Each structure stands twice: as C-alpha cells, then as structure tokens.
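K.L.:
My structure file data_27.cif, mmCIF, C-alpha atoms, is below:
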```cif
data_input
loop_
_atom_site.label_atom_id
_atom_site.label_comp_id
_atom_site.auth_asym_id
_atom_site.auth_seq_id
_atom_site.Cartn_x
_atom_site.Cartn_y
_atom_site.Cartn_z
CA MET A 1 -22.76 -47.23 -6.49
CA LYS A 2 -24.44 -44.77 -8.82
CA PHE A 3 -27.87 -45.55 -10.22
CA GLU A 4 -29.39 -44.16 -13.39
CA SER A 5 -32.94 -44.53 -12.12
CA GLU A 6 -35.09 -45.82 -9.31
CA LEU A 7 -38.42 -47.23 -10.40
CA PRO A 8 -41.40 -48.47 -8.36
CA LEU A 9 -41.12 -52.25 -8.17
CA SER A 10 -44.76 -52.74 -9.09
CA GLY A 11 -44.19 -51.37 -12.59
CA CYS A 12 -41.20 -53.60 -13.30
CA SER A 13 -41.35 -56.87 -15.19
CA LEU A 14 -40.44 -60.21 -13.66
CA ASP A 15 -37.45 -60.34 -15.98
CA GLU A 16 -36.18 -57.02 -14.64
CA LEU A 17 -36.64 -58.09 -11.03
CA LEU A 18 -35.48 -61.71 -11.24
CA SER A 19 -33.24 -61.66 -14.29
CA ASP A 20 -30.65 -64.05 -12.83
CA SER A 21 -32.99 -66.62 -11.30
CA LEU A 22 -36.41 -66.39 -12.96
CA PHE A 23 -36.17 -69.84 -14.54
CA LYS A 24 -34.03 -71.60 -11.93
CA SER A 25 -36.85 -73.45 -10.12
CA PRO A 26 -38.35 -76.13 -12.40
CA ALA A 27 -42.03 -76.75 -11.73
CA VAL A 28 -42.79 -80.20 -10.29
CA SER A 29 -45.53 -81.85 -12.31
CA ILE A 30 -47.87 -84.76 -11.80
CA ARG A 31 -50.21 -86.34 -14.32
CA LEU A 32 -53.94 -85.87 -14.33
CA ILE A 33 -54.45 -89.64 -14.01
CA ASP A 34 -51.98 -90.21 -11.16
CA SER A 35 -53.33 -91.13 -7.73
CA VAL A 36 -53.64 -88.63 -4.90
CA GLY A 37 -51.26 -90.89 -2.98
CA GLU A 38 -48.53 -90.23 -5.55
CA ALA A 39 -49.15 -86.49 -5.27
CA ALA A 40 -49.12 -86.62 -1.47
CA THR A 41 -45.72 -88.32 -1.53
CA LEU A 42 -44.29 -85.40 -3.51
CA LEU A 43 -45.86 -82.58 -1.50
CA PRO A 44 -43.88 -82.61 1.80
CA HIS A 45 -40.64 -81.97 -0.08
CA ASN A 46 -42.13 -79.14 -2.14
CA LEU A 47 -44.57 -77.23 0.08
CA GLU A 48 -43.10 -73.90 1.27
CA SER A 49 -40.13 -74.38 -1.07
CA PHE A 50 -39.33 -72.54 -4.30
CA THR A 51 -41.79 -74.83 -6.11
CA ASP A 52 -44.48 -75.08 -3.37
CA SER A 53 -47.31 -76.70 -5.36
CA LEU A 54 -47.58 -79.42 -8.01
CA VAL A 55 -48.56 -78.62 -11.59
CA VAL A 56 -51.15 -81.04 -12.94
CA THR A 57 -50.51 -81.94 -16.57
CA ASN A 58 -51.96 -83.94 -19.44
CA ASP A 59 -49.53 -84.67 -22.27
CA SER A 60 -47.19 -82.04 -20.74
CA ARG A 61 -49.92 -79.38 -20.92
CA PRO A 62 -50.63 -77.65 -17.57
CA LEU A 63 -54.28 -78.00 -16.55
CA GLY A 64 -54.28 -77.11 -12.88
CA VAL A 65 -52.47 -77.05 -9.59
CA LEU A 66 -52.47 -79.23 -6.48
CA GLY A 67 -51.15 -78.24 -3.06
CA GLY A 68 -51.84 -78.61 0.61
CA ILE A 69 -55.25 -76.94 0.34
CA GLU A 70 -56.65 -79.49 -2.10
CA LEU A 71 -55.19 -82.46 -0.27
CA LEU A 72 -56.40 -81.47 3.21
CA ASP A 73 -59.85 -80.65 1.86
CA GLY A 74 -60.01 -84.17 0.45
CA VAL A 75 -58.84 -85.70 3.73
CA LEU A 76 -61.61 -83.88 5.61
CA LYS A 77 -64.19 -85.37 3.25
CA ASN A 78 -62.69 -88.86 3.12
CA PRO A 79 -60.07 -89.54 5.84
CA THR A 80 -59.22 -93.04 4.64
CA SER A 81 -56.60 -94.76 2.50
CA ASP A 82 -59.19 -94.96 -0.29
CA PHE A 83 -58.82 -91.23 -0.83
CA PHE A 84 -55.12 -91.70 -1.56
CA ASP A 85 -55.41 -94.97 -3.49
CA LYS A 86 -58.60 -94.56 -5.52
CA THR A 87 -58.88 -90.82 -6.13
CA THR A 88 -57.04 -89.30 -9.09
CA VAL A 89 -55.24 -85.98 -9.11
CA GLY A 90 -57.66 -84.71 -11.75
CA GLN A 91 -60.58 -85.17 -9.37
CA ILE A 92 -59.27 -82.79 -6.72
CA MET A 93 -56.98 -80.34 -8.55
CA ASN A 94 -57.65 -76.61 -8.69
CA GLN A 95 -58.16 -75.60 -12.30
CA LYS A 96 -57.12 -72.00 -11.67
CA ILE A 97 -53.45 -71.89 -12.58
CA THR A 98 -51.55 -68.63 -13.09
CA ILE A 99 -49.27 -68.65 -16.14
CA VAL A 100 -47.00 -65.65 -16.70
CA THR A 101 -44.23 -64.52 -19.03
CA LYS A 102 -41.01 -62.69 -18.31
CA GLN A 103 -42.71 -59.47 -19.45
CA THR A 104 -45.48 -59.79 -16.83
CA LYS A 105 -45.47 -56.82 -14.46
CA LEU A 106 -45.11 -57.46 -10.73
CA SER A 107 -48.37 -55.60 -10.09
CA ASP A 108 -50.25 -57.89 -12.49
CA LEU A 109 -48.87 -61.05 -10.87
CA LEU A 110 -49.76 -59.86 -7.36
CA LYS A 111 -53.26 -58.94 -8.54
CA GLN A 112 -53.78 -62.49 -9.82
CA TRP A 113 -52.43 -63.95 -6.60
CA ARG A 114 -54.82 -61.87 -4.51
CA GLU A 115 -57.73 -63.02 -6.69
CA THR A 116 -56.81 -66.71 -6.42
CA ARG A 117 -55.51 -66.46 -2.82
CA ARG A 118 -52.58 -68.58 -3.98
CA ALA A 119 -48.99 -67.38 -4.29
CA PHE A 120 -48.01 -69.66 -7.14
CA ALA A 121 -47.44 -69.24 -10.87
CA ILE A 122 -45.59 -70.96 -13.67
CA ILE A 123 -43.60 -69.50 -16.55
CA PRO A 124 -42.59 -71.24 -19.82
CA ASN A 125 -38.84 -71.91 -19.88
CA GLN A 126 -36.26 -72.60 -22.57
CA TYR A 127 -36.53 -76.35 -22.13
CA SER A 128 -40.13 -76.52 -23.42
CA GLY A 129 -41.29 -76.93 -19.84
CA TYR A 130 -42.22 -74.61 -17.01
CA SER A 131 -40.50 -73.01 -14.05
CA ALA A 132 -42.26 -72.22 -10.77
CA ILE A 133 -42.71 -68.86 -9.07
CA SER A 134 -43.73 -69.06 -5.41
CA ALA A 135 -43.90 -66.62 -2.51
CA ARG A 136 -40.55 -67.95 -1.31
CA LYS A 137 -39.08 -67.27 -4.75
CA MET A 138 -40.41 -63.71 -4.68
CA LEU A 139 -38.55 -63.02 -1.43
CA GLU A 140 -35.51 -62.67 -3.69
CA ILE A 141 -36.99 -59.37 -4.89
CA SER A 142 -37.28 -57.91 -1.39
CA ASN A 143 -33.83 -59.29 -0.58
CA ALA A 144 -32.30 -57.38 -3.49
CA ASN A 145 -34.17 -54.07 -3.15
CA MET A 146 -33.85 -51.79 -0.14
CA THR A 147 -36.82 -50.11 1.52
CA THR A 148 -37.41 -47.91 4.54
CA MET A 149 -40.51 -49.94 5.43
CA THR A 150 -40.52 -51.83 8.71
CA LEU A 151 -42.62 -54.79 9.81
CA SER A 152 -44.84 -52.41 11.79
CA GLU A 153 -46.19 -51.12 8.46
CA ILE A 154 -47.48 -54.51 7.30
CA PRO A 155 -51.26 -54.85 7.76
CA LYS A 156 -52.04 -56.63 11.01
CA LYS A 157 -52.90 -60.32 10.77
CA ARG A 158 -53.93 -61.87 14.05
CA ILE A 159 -52.38 -65.06 15.33
CA VAL A 160 -54.74 -68.03 14.84
CA THR A 161 -54.07 -70.51 17.63
CA PHE A 162 -54.86 -74.05 18.70
CA ASN A 163 -54.28 -76.02 21.89
CA ASN A 164 -53.18 -79.56 22.65
CA ASN A 165 -56.77 -80.73 23.15
CA HIS A 166 -57.68 -79.91 19.58
CA THR A 167 -57.99 -82.76 17.11
CA ILE A 168 -56.50 -82.67 13.64
CA ARG A 169 -60.08 -82.22 12.38
CA ASP A 170 -60.37 -79.02 14.46
CA ILE A 171 -57.03 -77.80 13.16
CA ILE A 172 -57.73 -78.39 9.47
CA ILE A 173 -61.18 -76.79 9.72
CA SER A 174 -59.62 -73.76 11.42
CA MET A 175 -57.06 -73.48 8.62
CA PHE A 176 -59.86 -73.24 6.07
CA GLU A 177 -62.04 -70.92 8.14
CA ASN A 178 -59.16 -68.52 8.77
CA LYS A 179 -57.58 -68.87 5.31
CA THR A 180 -54.19 -69.81 6.71
CA ARG A 181 -51.78 -72.71 6.23
CA LYS A 182 -50.35 -72.42 9.76
CA LEU A 183 -51.78 -72.35 13.29
CA VAL A 184 -49.75 -71.38 16.36
CA LEU A 185 -49.87 -73.40 19.58
CA GLN A 186 -51.34 -71.22 22.32
CA ASN A 187 -48.79 -69.25 24.36
CA THR A 188 -45.85 -70.55 22.33
CA SER A 189 -44.02 -69.84 19.06
CA SER A 190 -44.58 -73.42 17.84
CA PHE A 191 -46.87 -74.03 14.89
CA ILE A 192 -48.49 -76.73 12.80
CA SER A 193 -48.86 -76.42 9.02
CA ASP A 194 -50.36 -78.19 6.04
CA ARG A 195 -46.90 -79.55 5.25
CA ILE A 196 -46.49 -81.02 8.74
CA VAL A 197 -49.88 -82.76 8.54
CA ILE A 198 -49.25 -84.17 5.06
CA GLU A 199 -45.75 -85.28 6.01
CA LYS A 200 -47.21 -87.25 8.93
CA ILE A 201 -49.79 -88.90 6.66
CA VAL A 202 -47.20 -89.92 4.09
CA ARG A 203 -44.12 -90.79 6.10
CA GLU A 204 -45.54 -92.19 9.34
CA LEU A 205 -49.12 -93.26 8.62
CA ASN A 206 -48.60 -94.90 5.21
CA HIS A 207 -51.30 -92.84 3.47
CA LEU A 208 -53.76 -93.76 6.28
CA HIS A 209 -53.61 -97.51 5.65
CA ASN A 210 -54.74 -99.27 8.84
CA VAL A 211 -55.51 -95.92 10.50
CA LYS A 212 -59.02 -96.04 11.93
CA ASP A 213 -59.78 -92.44 12.86
CA PHE A 214 -57.16 -90.02 11.60
CA LEU A 215 -59.23 -86.87 12.17
CA SER A 216 -59.54 -87.64 15.88
CA MET A 217 -55.79 -87.65 16.41
CA LYS A 218 -54.66 -84.95 18.85
CA ALA A 219 -52.34 -82.07 18.11
CA THR A 220 -49.81 -83.69 20.46
CA ASP A 221 -49.38 -86.50 17.92
CA PHE A 222 -47.69 -84.08 15.50
CA LYS A 223 -44.16 -82.71 15.57
CA LEU A 224 -44.40 -78.93 15.51
CA GLU A 225 -41.96 -76.36 14.15
CA ASN A 226 -40.99 -72.95 15.53
CA ALA A 227 -41.59 -69.47 14.21
CA LYS A 228 -38.93 -66.83 14.75
CA ILE A 229 -39.82 -64.02 17.15
CA ILE A 230 -38.52 -60.63 15.97
CA SER A 231 -39.06 -56.91 16.53
CA GLU A 232 -41.57 -54.84 14.56
CA SER A 233 -38.83 -52.24 14.08
CA LEU A 234 -36.92 -54.60 11.81
CA SER A 235 -36.97 -53.57 8.15
CA ILE A 236 -38.96 -55.66 5.71
CA HIS A 237 -35.75 -56.09 3.74
CA GLU A 238 -33.99 -57.70 6.72
CA ALA A 239 -37.04 -59.79 7.66
CA SER A 240 -37.18 -61.10 4.10
CA LYS A 241 -33.56 -62.23 4.27
CA ILE A 242 -34.28 -64.09 7.52
CA MET A 243 -37.33 -65.84 6.05
CA TYR A 244 -35.48 -66.79 2.89
CA GLU A 245 -33.12 -68.98 4.93
CA MET A 246 -35.83 -70.67 7.03
CA LEU A 247 -37.15 -74.15 6.25
CA SER A 248 -40.65 -72.98 7.19
CA PRO A 249 -40.67 -69.19 6.82
CA TYR A 250 -42.85 -67.76 9.60
CA LEU A 251 -42.31 -64.80 11.91
CA ILE A 252 -44.06 -63.63 15.06
CA VAL A 253 -44.07 -59.90 15.78
CA ASN A 254 -45.84 -58.91 18.99
CA ASP A 255 -49.44 -60.09 18.48
CA GLN A 256 -49.28 -60.84 14.77
CA VAL A 257 -47.76 -63.38 12.40
CA ILE A 258 -45.94 -62.64 9.15
CA SER A 259 -45.56 -65.07 6.27
CA PRO A 260 -43.84 -64.75 2.88
CA TRP A 261 -47.25 -63.74 1.47
CA ASP A 262 -47.22 -60.58 3.62
CA ILE A 263 -43.70 -59.64 2.54
CA VAL A 264 -44.48 -60.22 -1.12
CA MET A 265 -47.67 -58.14 -1.01
CA SER A 266 -45.70 -55.26 0.49
CA LEU A 267 -43.61 -55.06 -2.71
CA GLU A 268 -46.34 -52.90 -4.25
CA SER A 269 -45.55 -50.08 -1.85
CA GLU A 270 -44.07 -46.95 -3.40
CA LYS A 271 -41.42 -47.14 -0.69
CA TYR A 272 -39.87 -49.96 -2.69
CA LYS A 273 -37.73 -48.75 -5.59
CA HIS A 274 -35.98 -50.89 -8.17
CA GLN A 275 -32.41 -49.74 -8.46
CA LYS A 276 -31.47 -50.12 -12.10
CA ASN A 277 -27.90 -49.64 -13.25
#
```
What's the structure tokens form of this structure?

P.N.:
Amino acid sequence: MKFESELPLSGCSLDELLSDSLFKSPAVSIRLIDSVGEAATLLPHNLESFTDSLVVTNDSRPLGVLGGIELLDGVLKNPTSDFFDKTTVGQIMNQKITIVTKQTKLSDLLKQWRETRRAFAIIPNQYSGYSAISARKMLEISNANMTTMTLSEIPKKRIVTFNNNHTIRDIIISMFENKTRKLVLQNTSSFISDRIVIEKIVRELNHLHNVKDFLSMKATDFKLENAKIISESLSIHEASKIMYEMLSPYLIVNDQVISPWDIVMSLESEKYKHQKN
C-alpha cells in the first residue's frame, strides 16, 4: 500500500484517527436525582468497557461523571445499604467531565486525561446525545497504526499487590493510595478491581442490605480475574490488540503491569505515525 503522508498521531484529530467508530459507543447516562444504588447496578456492565463510566445528567445536559472511584470512595465512608438507598448520584459525582469534538487533537485529549487522571470523555453525536470515549476505545488507534515501540519502552509502573489476609477495606484504601483500579494477588497473575468489588456488592450482597461489616470481608471472598503474562519484547501494537479482546484488559510484563491507560499514553510518541491514504 502506498501512503501519501505519515503524520505524528498526536497532531491528528479524533475524526482522523477514529473516523469509522468515533460515535459508535453511546454514553450511558444516569440522572442527577437517581440513587447511588441505581448507578451501582449499571456500573459492573460498563466499567472497563467502551463506555466505562456513567454520565450524570439533568434534563439531558451532562453535569458530571460517576465511576468506580466515586462509588468505592462512598462505600469507604458509609459501608451500609443507606449509602445506596438514600444517597443521590448528584451527591457523589465528579463534576469534572471532559467534552470533546471530532476536531479535538489527540494530544489535547490526552493532556486533559492526565490532568483529571481519568481516561473518559464524551462527544456530541448526531442523535442529540453523546457518545463515550474510553481508554478501551482508544486502543483502536494503536490497533490501526503500526509502531516500532515495544512494551519495554513504556514507563515502568510497579505491581501493587495484596494478600489473602487483606480485608476489602485494605484493598480499596490501597487502590486510592496507589492511584490504581487493580491490585495483583501476591505471587500470582490474579487481580481484583473496582469492577469486581462493585459487582459483588450489587449481584451477591444486594447493595449491602443485611450485610453487617462489608469492609472486613477478606480478599478470599471475592472472585478474582487473571492478567495475561507477556514478553517485554512484544510490540505495543500487538499488545494493544491482545488487550482489546480481553474482558478486563491487564498485562503483566516482568515486574510491571500494563493497562490500557499506558498504551493510550504511548500514542504521543513520535514513533507512532498516522498512515493517511
């Protein structure tokens, strides 16, 4: 195939990079006045997906975002069914929501994500609503554009671990302290995540109704998932394709972990070129 030009990805617009799929993931919304319990019920299906977080609206106007971070922070402060039944979405939502257009440059979006520490944005679509852009969605860019970069070139991020004696309180606090949504079980490739914790609360514990001391539950009470162990010599392009197909995208490379966030942030490298016909 012959290409007219190869441009750095960072200077390209979202429309140039995701022209075929930019609007294909409708944002999942929840009203400002809805209960946290209603939001929690929606989250397990959406966390780590193409939508990832919930958009909080009032009369269809986006006012904020709600994801695993906000919900687990609330559970730490009030680990009872009252939190889910009597607290409204508007009371715990994050008011910092990134709204982009199809002309937004990749570099500008990644800058906003680094500032908010949240890989989530919405974009107005043709149906007078919004579509979601998540880290998983952005893997489509690395899937479609070749690079010579390997996983060894991604900045090192140590593995944050837990053991079976840790309580869920210990685990959630560690997530916040280490700014991560996943912790790896010591000496294994198994991990626990915000989605796993919330799924347990919603689907097995009935939003903590009749649960006396949720935060004292042990890690062994939760069903873990497995990261994929791969070589650091693998190209970022190939690693991205592997993660794109995983239910919970998470890789272990030697003594570090790699998430979609790491892949997406690597897109700013000059080693990535957009091949434009």

K.L.:
Could you tell me which residues the PyMOL selection byres ((chain A and resi 213-222) around 8) grabs in this file, written as a tab-separated table (two decimals) with C-alpha atoms, in the frame of the given file?

P.N.:
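New file out.tsv:
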```tsv
chain	number	residue	atom	x	y	z
A	76	LEU	CA	-61.61	-83.88	5.61
A	79	PRO	CA	-60.07	-89.54	5.84
A	80	THR	CA	-59.22	-93.04	4.64
A	163	ASN	CA	-54.28	-76.02	21.89
A	164	ASN	CA	-53.18	-79.56	22.65
A	165	ASN	CA	-56.77	-80.73	23.15
A	166	HIS	CA	-57.68	-79.91	19.58
A	167	THR	CA	-57.99	-82.76	17.11
A	168	ILE	CA	-56.50	-82.67	13.64
A	169	ARG	CA	-60.08	-82.22	12.38
A	192	ILE	CA	-48.49	-76.73	12.80
A	196	ILE	CA	-46.49	-81.02	8.74
A	197	VAL	CA	-49.88	-82.76	8.54
A	200	LYS	CA	-47.21	-87.25	8.93
A	208	LEU	CA	-53.76	-93.76	6.28
A	211	VAL	CA	-55.51	-95.92	10.50
A	212	LYS	CA	-59.02	-96.04	11.93
A	223	LYS	CA	-44.16	-82.71	15.57
A	224	LEU	CA	-44.40	-78.93	15.51
```

K.L.:
Using all atoms listed in the file, I'd like a table of the residues in range 56-118 of chain A that come within 12 Å of range 44-50 of chain A; for each, show the closest atom pair and its distance in Å rounded to one decimal, ordered by chain and ascending number, as a tab-separated table.

P.N.:
```
residue	atom	partner	partner_atom	distance
A:Leu66	CA	A:Leu47	CA	10.5
A:Gly67	CA	A:Leu47	CA	7.4
A:Gly68	CA	A:Leu47	CA	7.4
A:Ile69	CA	A:Leu47	CA	10.7
A:Leu71	CA	A:Pro44	CA	11.5
```

K.L.:
How far is it from CA of Lys86 in chain A to CA of Glu70 in chain A, in Å with one decimal?

P.N.:
15.6 Å

K.L.:
How close does range 205-272 of chain A get to range 111-126 of chain A? List, as a Markdown table, each residue of range 205-272 of chain A within 12 Å, its nearest atom pair and the distance in Å to one decimal, counting all atoms listed in the file.

P.N.:
```
| residue | atom | partner | partner_atom | distance |
| --- | --- | --- | --- | --- |
| A:Ser259 | CA | A:Ala119 | CA | 11.3 |
| A:Pro260 | CA | A:Ala119 | CA | 9.2 |
| A:Trp261 | CA | A:Ala119 | CA | 7.0 |
| A:Asp262 | CA | A:Ala119 | CA | 10.6 |
| A:Ile263 | CA | A:Ala119 | CA | 11.6 |
| A:Val264 | CA | A:Ala119 | CA | 9.0 |
| A:Met265 | CA | A:Arg114 | CA | 8.8 |
| A:Leu267 | CA | A:Lys111 | CA | 11.9 |
| A:Glu268 | CA | A:Lys111 | CA | 10.1 |
```

K.L.:
Just the residues within 12 Å of Ser131 in chain A, please, counting all atoms listed in the file, with nothing from its chain fewer than 6 positions along; format it as a list of chain:residue names.

P.N.:
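What passes the distance filter is A:Ser21, A:Leu22, A:Phe23, A:Lys24, A:Ser25, A:Pro26, A:Ala27, A:Val28, A:Ser29, A:Phe50, A:Thr51, A:Asp52, A:Ser53, A:Leu54, A:Val55, A:Pro62, A:Thr98, A:Ile99, A:Val100, A:Thr101, A:Lys102, A:Phe120, A:Ala121, A:Ile122, A:Ile123, A:Pro124, A:Asn125, A:Lys137.
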
K.L.:
Report the distance between CA of Leu72 in chain A and CA of Ile172 in chain A in Å, rounded to one decimal place.

P.N.:
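So the two atoms, CA of Leu72 in chain A and CA of Ile172 in chain A, lie 7.1 Å apart.
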
K.L.:
Show me that you can extract range 133-160 of chain A, keeping N, CA, C and O atoms, and write it as a PDB file, in the first residue's frame.

P.N.:
```pdb
ATOM      1  N   ILE A 133     -15.930   8.041  24.927  1.00  0.00           N
ATOM      2  CA  ILE A 133     -14.569   7.721  24.500  1.00  0.00           C
ATOM      3  C   ILE A 133     -13.797   7.298  25.744  1.00  0.00           C
ATOM      4  O   ILE A 133     -13.590   8.097  26.652  1.00  0.00           O
ATOM      5  N   SER A 134     -13.411   6.037  25.789  1.00  0.00           N
ATOM      6  CA  SER A 134     -12.699   5.483  26.949  1.00  0.00           C
ATOM      7  C   SER A 134     -11.316   5.013  26.515  1.00  0.00           C
ATOM      8  O   SER A 134     -10.985   5.009  25.327  1.00  0.00           O
ATOM      9  N   ALA A 135     -10.510   4.586  27.493  1.00  0.00           N
ATOM     10  CA  ALA A 135      -9.187   4.056  27.165  1.00  0.00           C
ATOM     11  C   ALA A 135      -9.324   2.831  26.266  1.00  0.00           C
ATOM     12  O   ALA A 135      -8.546   2.656  25.322  1.00  0.00           O
ATOM     13  N   ARG A 136     -10.312   1.994  26.557  1.00  0.00           N
ATOM     14  CA  ARG A 136     -10.512   0.802  25.718  1.00  0.00           C
ATOM     15  C   ARG A 136     -10.839   1.211  24.285  1.00  0.00           C
ATOM     16  O   ARG A 136     -10.360   0.603  23.326  1.00  0.00           O
ATOM     17  N   LYS A 137     -11.658   2.238  24.115  1.00  0.00           N
ATOM     18  CA  LYS A 137     -11.990   2.740  22.793  1.00  0.00           C
ATOM     19  C   LYS A 137     -10.733   3.215  22.057  1.00  0.00           C
ATOM     20  O   LYS A 137     -10.549   2.958  20.871  1.00  0.00           O
ATOM     21  N   MET A 138      -9.852   3.886  22.784  1.00  0.00           N
ATOM     22  CA  MET A 138      -8.656   4.452  22.175  1.00  0.00           C
ATOM     23  C   MET A 138      -7.646   3.387  21.757  1.00  0.00           C
ATOM     24  O   MET A 138      -6.729   3.665  20.973  1.00  0.00           O
ATOM     25  N   LEU A 139      -7.799   2.164  22.262  1.00  0.00           N
ATOM     26  CA  LEU A 139      -6.933   1.079  21.796  1.00  0.00           C
ATOM     27  C   LEU A 139      -7.108   0.856  20.298  1.00  0.00           C
ATOM     28  O   LEU A 139      -6.203   0.338  19.630  1.00  0.00           O
ATOM     29  N   GLU A 140      -8.255   1.256  19.762  1.00  0.00           N
ATOM     30  CA  GLU A 140      -8.484   1.107  18.320  1.00  0.00           C
ATOM     31  C   GLU A 140      -7.450   1.895  17.514  1.00  0.00           C
ATOM     32  O   GLU A 140      -7.105   1.520  16.391  1.00  0.00           O
ATOM     33  N   ILE A 141      -6.957   2.992  18.098  1.00  0.00           N
ATOM     34  CA  ILE A 141      -5.948   3.801  17.397  1.00  0.00           C
ATOM     35  C   ILE A 141      -4.630   3.044  17.330  1.00  0.00           C
ATOM     36  O   ILE A 141      -3.990   2.972  16.262  1.00  0.00           O
ATOM     37  N   SER A 142      -4.194   2.466  18.442  1.00  0.00           N
ATOM     38  CA  SER A 142      -2.940   1.716  18.422  1.00  0.00           C
ATOM     39  C   SER A 142      -3.086   0.418  17.631  1.00  0.00           C
ATOM     40  O   SER A 142      -2.111  -0.077  17.058  1.00  0.00           O
ATOM     41  N   ASN A 143      -4.291  -0.119  17.568  1.00  0.00           N
ATOM     42  CA  ASN A 143      -4.521  -1.314  16.753  1.00  0.00           C
ATOM     43  C   ASN A 143      -4.327  -1.018  15.267  1.00  0.00           C
ATOM     44  O   ASN A 143      -3.850  -1.865  14.503  1.00  0.00           O
ATOM     45  N   ALA A 144      -4.704   0.183  14.859  1.00  0.00           N
ATOM     46  CA  ALA A 144      -4.718   0.533  13.435  1.00  0.00           C
ATOM     47  C   ALA A 144      -3.428   1.177  12.942  1.00  0.00           C
ATOM     48  O   ALA A 144      -3.231   1.316  11.737  1.00  0.00           O
ATOM     49  N   ASN A 145      -2.554   1.578  13.867  1.00  0.00           N
ATOM     50  CA  ASN A 145      -1.336   2.287  13.467  1.00  0.00           C
ATOM     51  C   ASN A 145      -0.101   1.554  13.984  1.00  0.00           C
ATOM     52  O   ASN A 145       0.043   1.326  15.184  1.00  0.00           O
ATOM     53  N   MET A 146       0.780   1.204  13.065  1.00  0.00           N
ATOM     54  CA  MET A 146       1.975   0.446  13.416  1.00  0.00           C
ATOM     55  C   MET A 146       3.002   1.331  14.115  1.00  0.00           C
ATOM     56  O   MET A 146       3.050   2.544  13.906  1.00  0.00           O
ATOM     57  N   THR A 147       3.820   0.699  14.959  1.00  0.00           N
ATOM     58  CA  THR A 147       4.912   1.399  15.625  1.00  0.00           C
ATOM     59  C   THR A 147       6.033   0.411  15.908  1.00  0.00           C
ATOM     60  O   THR A 147       5.794  -0.798  16.032  1.00  0.00           O
ATOM     61  N   THR A 148       7.240   0.919  15.993  1.00  0.00           N
ATOM     62  CA  THR A 148       8.379   0.062  16.333  1.00  0.00           C
ATOM     63  C   THR A 148       8.547  -0.063  17.841  1.00  0.00           C
ATOM     64  O   THR A 148       9.374  -0.826  18.326  1.00  0.00           O
ATOM     65  N   MET A 149       7.751   0.671  18.601  1.00  0.00           N
ATOM     66  CA  MET A 149       7.864   0.644  20.058  1.00  0.00           C
ATOM     67  C   MET A 149       7.493  -0.726  20.622  1.00  0.00           C
ATOM     68  O   MET A 149       6.555  -1.371  20.153  1.00  0.00           O
ATOM     69  N   THR A 150       8.215  -1.132  21.646  1.00  0.00           N
ATOM     70  CA  THR A 150       7.891  -2.362  22.360  1.00  0.00           C
ATOM     71  C   THR A 150       7.454  -2.020  23.779  1.00  0.00           C
ATOM     72  O   THR A 150       7.621  -0.884  24.242  1.00  0.00           O
ATOM     73  N   LEU A 151       6.936  -3.004  24.478  1.00  0.00           N
ATOM     74  CA  LEU A 151       6.467  -2.781  25.844  1.00  0.00           C
ATOM     75  C   LEU A 151       7.597  -2.350  26.772  1.00  0.00           C
ATOM     76  O   LEU A 151       7.354  -1.691  27.788  1.00  0.00           O
ATOM     77  N   SER A 152       8.821  -2.703  26.441  1.00  0.00           N
ATOM     78  CA  SER A 152       9.964  -2.321  27.273  1.00  0.00           C
ATOM     79  C   SER A 152      10.160  -0.812  27.321  1.00  0.00           C
ATOM     80  O   SER A 152      10.832  -0.287  28.211  1.00  0.00           O
ATOM     81  N   GLU A 153       9.573  -0.090  26.360  1.00  0.00           N
ATOM     82  CA  GLU A 153       9.731   1.362  26.292  1.00  0.00           C
ATOM     83  C   GLU A 153       8.663   2.120  27.072  1.00  0.00           C
ATOM     84  O   GLU A 153       8.727   3.341  27.205  1.00  0.00           O
ATOM     85  N   ILE A 154       7.667   1.412  27.579  1.00  0.00           N
ATOM     86  CA  ILE A 154       6.636   2.060  28.390  1.00  0.00           C
ATOM     87  C   ILE A 154       7.206   2.336  29.781  1.00  0.00           C
ATOM     88  O   ILE A 154       7.874   1.474  30.361  1.00  0.00           O
ATOM     89  N   PRO A 155       6.977   3.523  30.321  1.00  0.00           N
ATOM     90  CA  PRO A 155       7.479   3.843  31.668  1.00  0.00           C
ATOM     91  C   PRO A 155       7.079   2.777  32.683  1.00  0.00           C
ATOM     92  O   PRO A 155       5.942   2.294  32.677  1.00  0.00           O
ATOM     93  N   LYS A 156       8.018   2.407  33.533  1.00  0.00           N
ATOM     94  CA  LYS A 156       7.779   1.338  34.496  1.00  0.00           C
ATOM     95  C   LYS A 156       6.711   1.731  35.517  1.00  0.00           C
ATOM     96  O   LYS A 156       6.707   2.850  36.039  1.00  0.00           O
ATOM     97  N   LYS A 157       5.815   0.820  35.784  1.00  0.00           N
ATOM     98  CA  LYS A 157       4.779   1.008  36.796  1.00  0.00           C
ATOM     99  C   LYS A 157       4.756  -0.254  37.652  1.00  0.00           C
ATOM    100  O   LYS A 157       4.399  -1.323  37.168  1.00  0.00           O
ATOM    101  N   ARG A 158       5.183  -0.124  38.882  1.00  0.00           N
ATOM    102  CA  ARG A 158       5.345  -1.308  39.720  1.00  0.00           C
ATOM    103  C   ARG A 158       4.011  -1.996  39.977  1.00  0.00           C
ATOM    104  O   ARG A 158       2.945  -1.391  39.928  1.00  0.00           O
ATOM    105  N   ILE A 159       4.107  -3.280  40.265  1.00  0.00           N
ATOM    106  CA  ILE A 159       2.926  -4.073  40.581  1.00  0.00           C
ATOM    107  C   ILE A 159       2.523  -3.807  42.031  1.00  0.00           C
ATOM    108  O   ILE A 159       3.316  -4.009  42.944  1.00  0.00           O
ATOM    109  N   VAL A 160       1.300  -3.339  42.233  1.00  0.00           N
ATOM    110  CA  VAL A 160       0.764  -3.132  43.584  1.00  0.00           C
ATOM    111  C   VAL A 160       0.018  -4.404  43.974  1.00  0.00           C
ATOM    112  O   VAL A 160      -0.908  -4.827  43.286  1.00  0.00           O
TER     113      VAL A 160
END
```
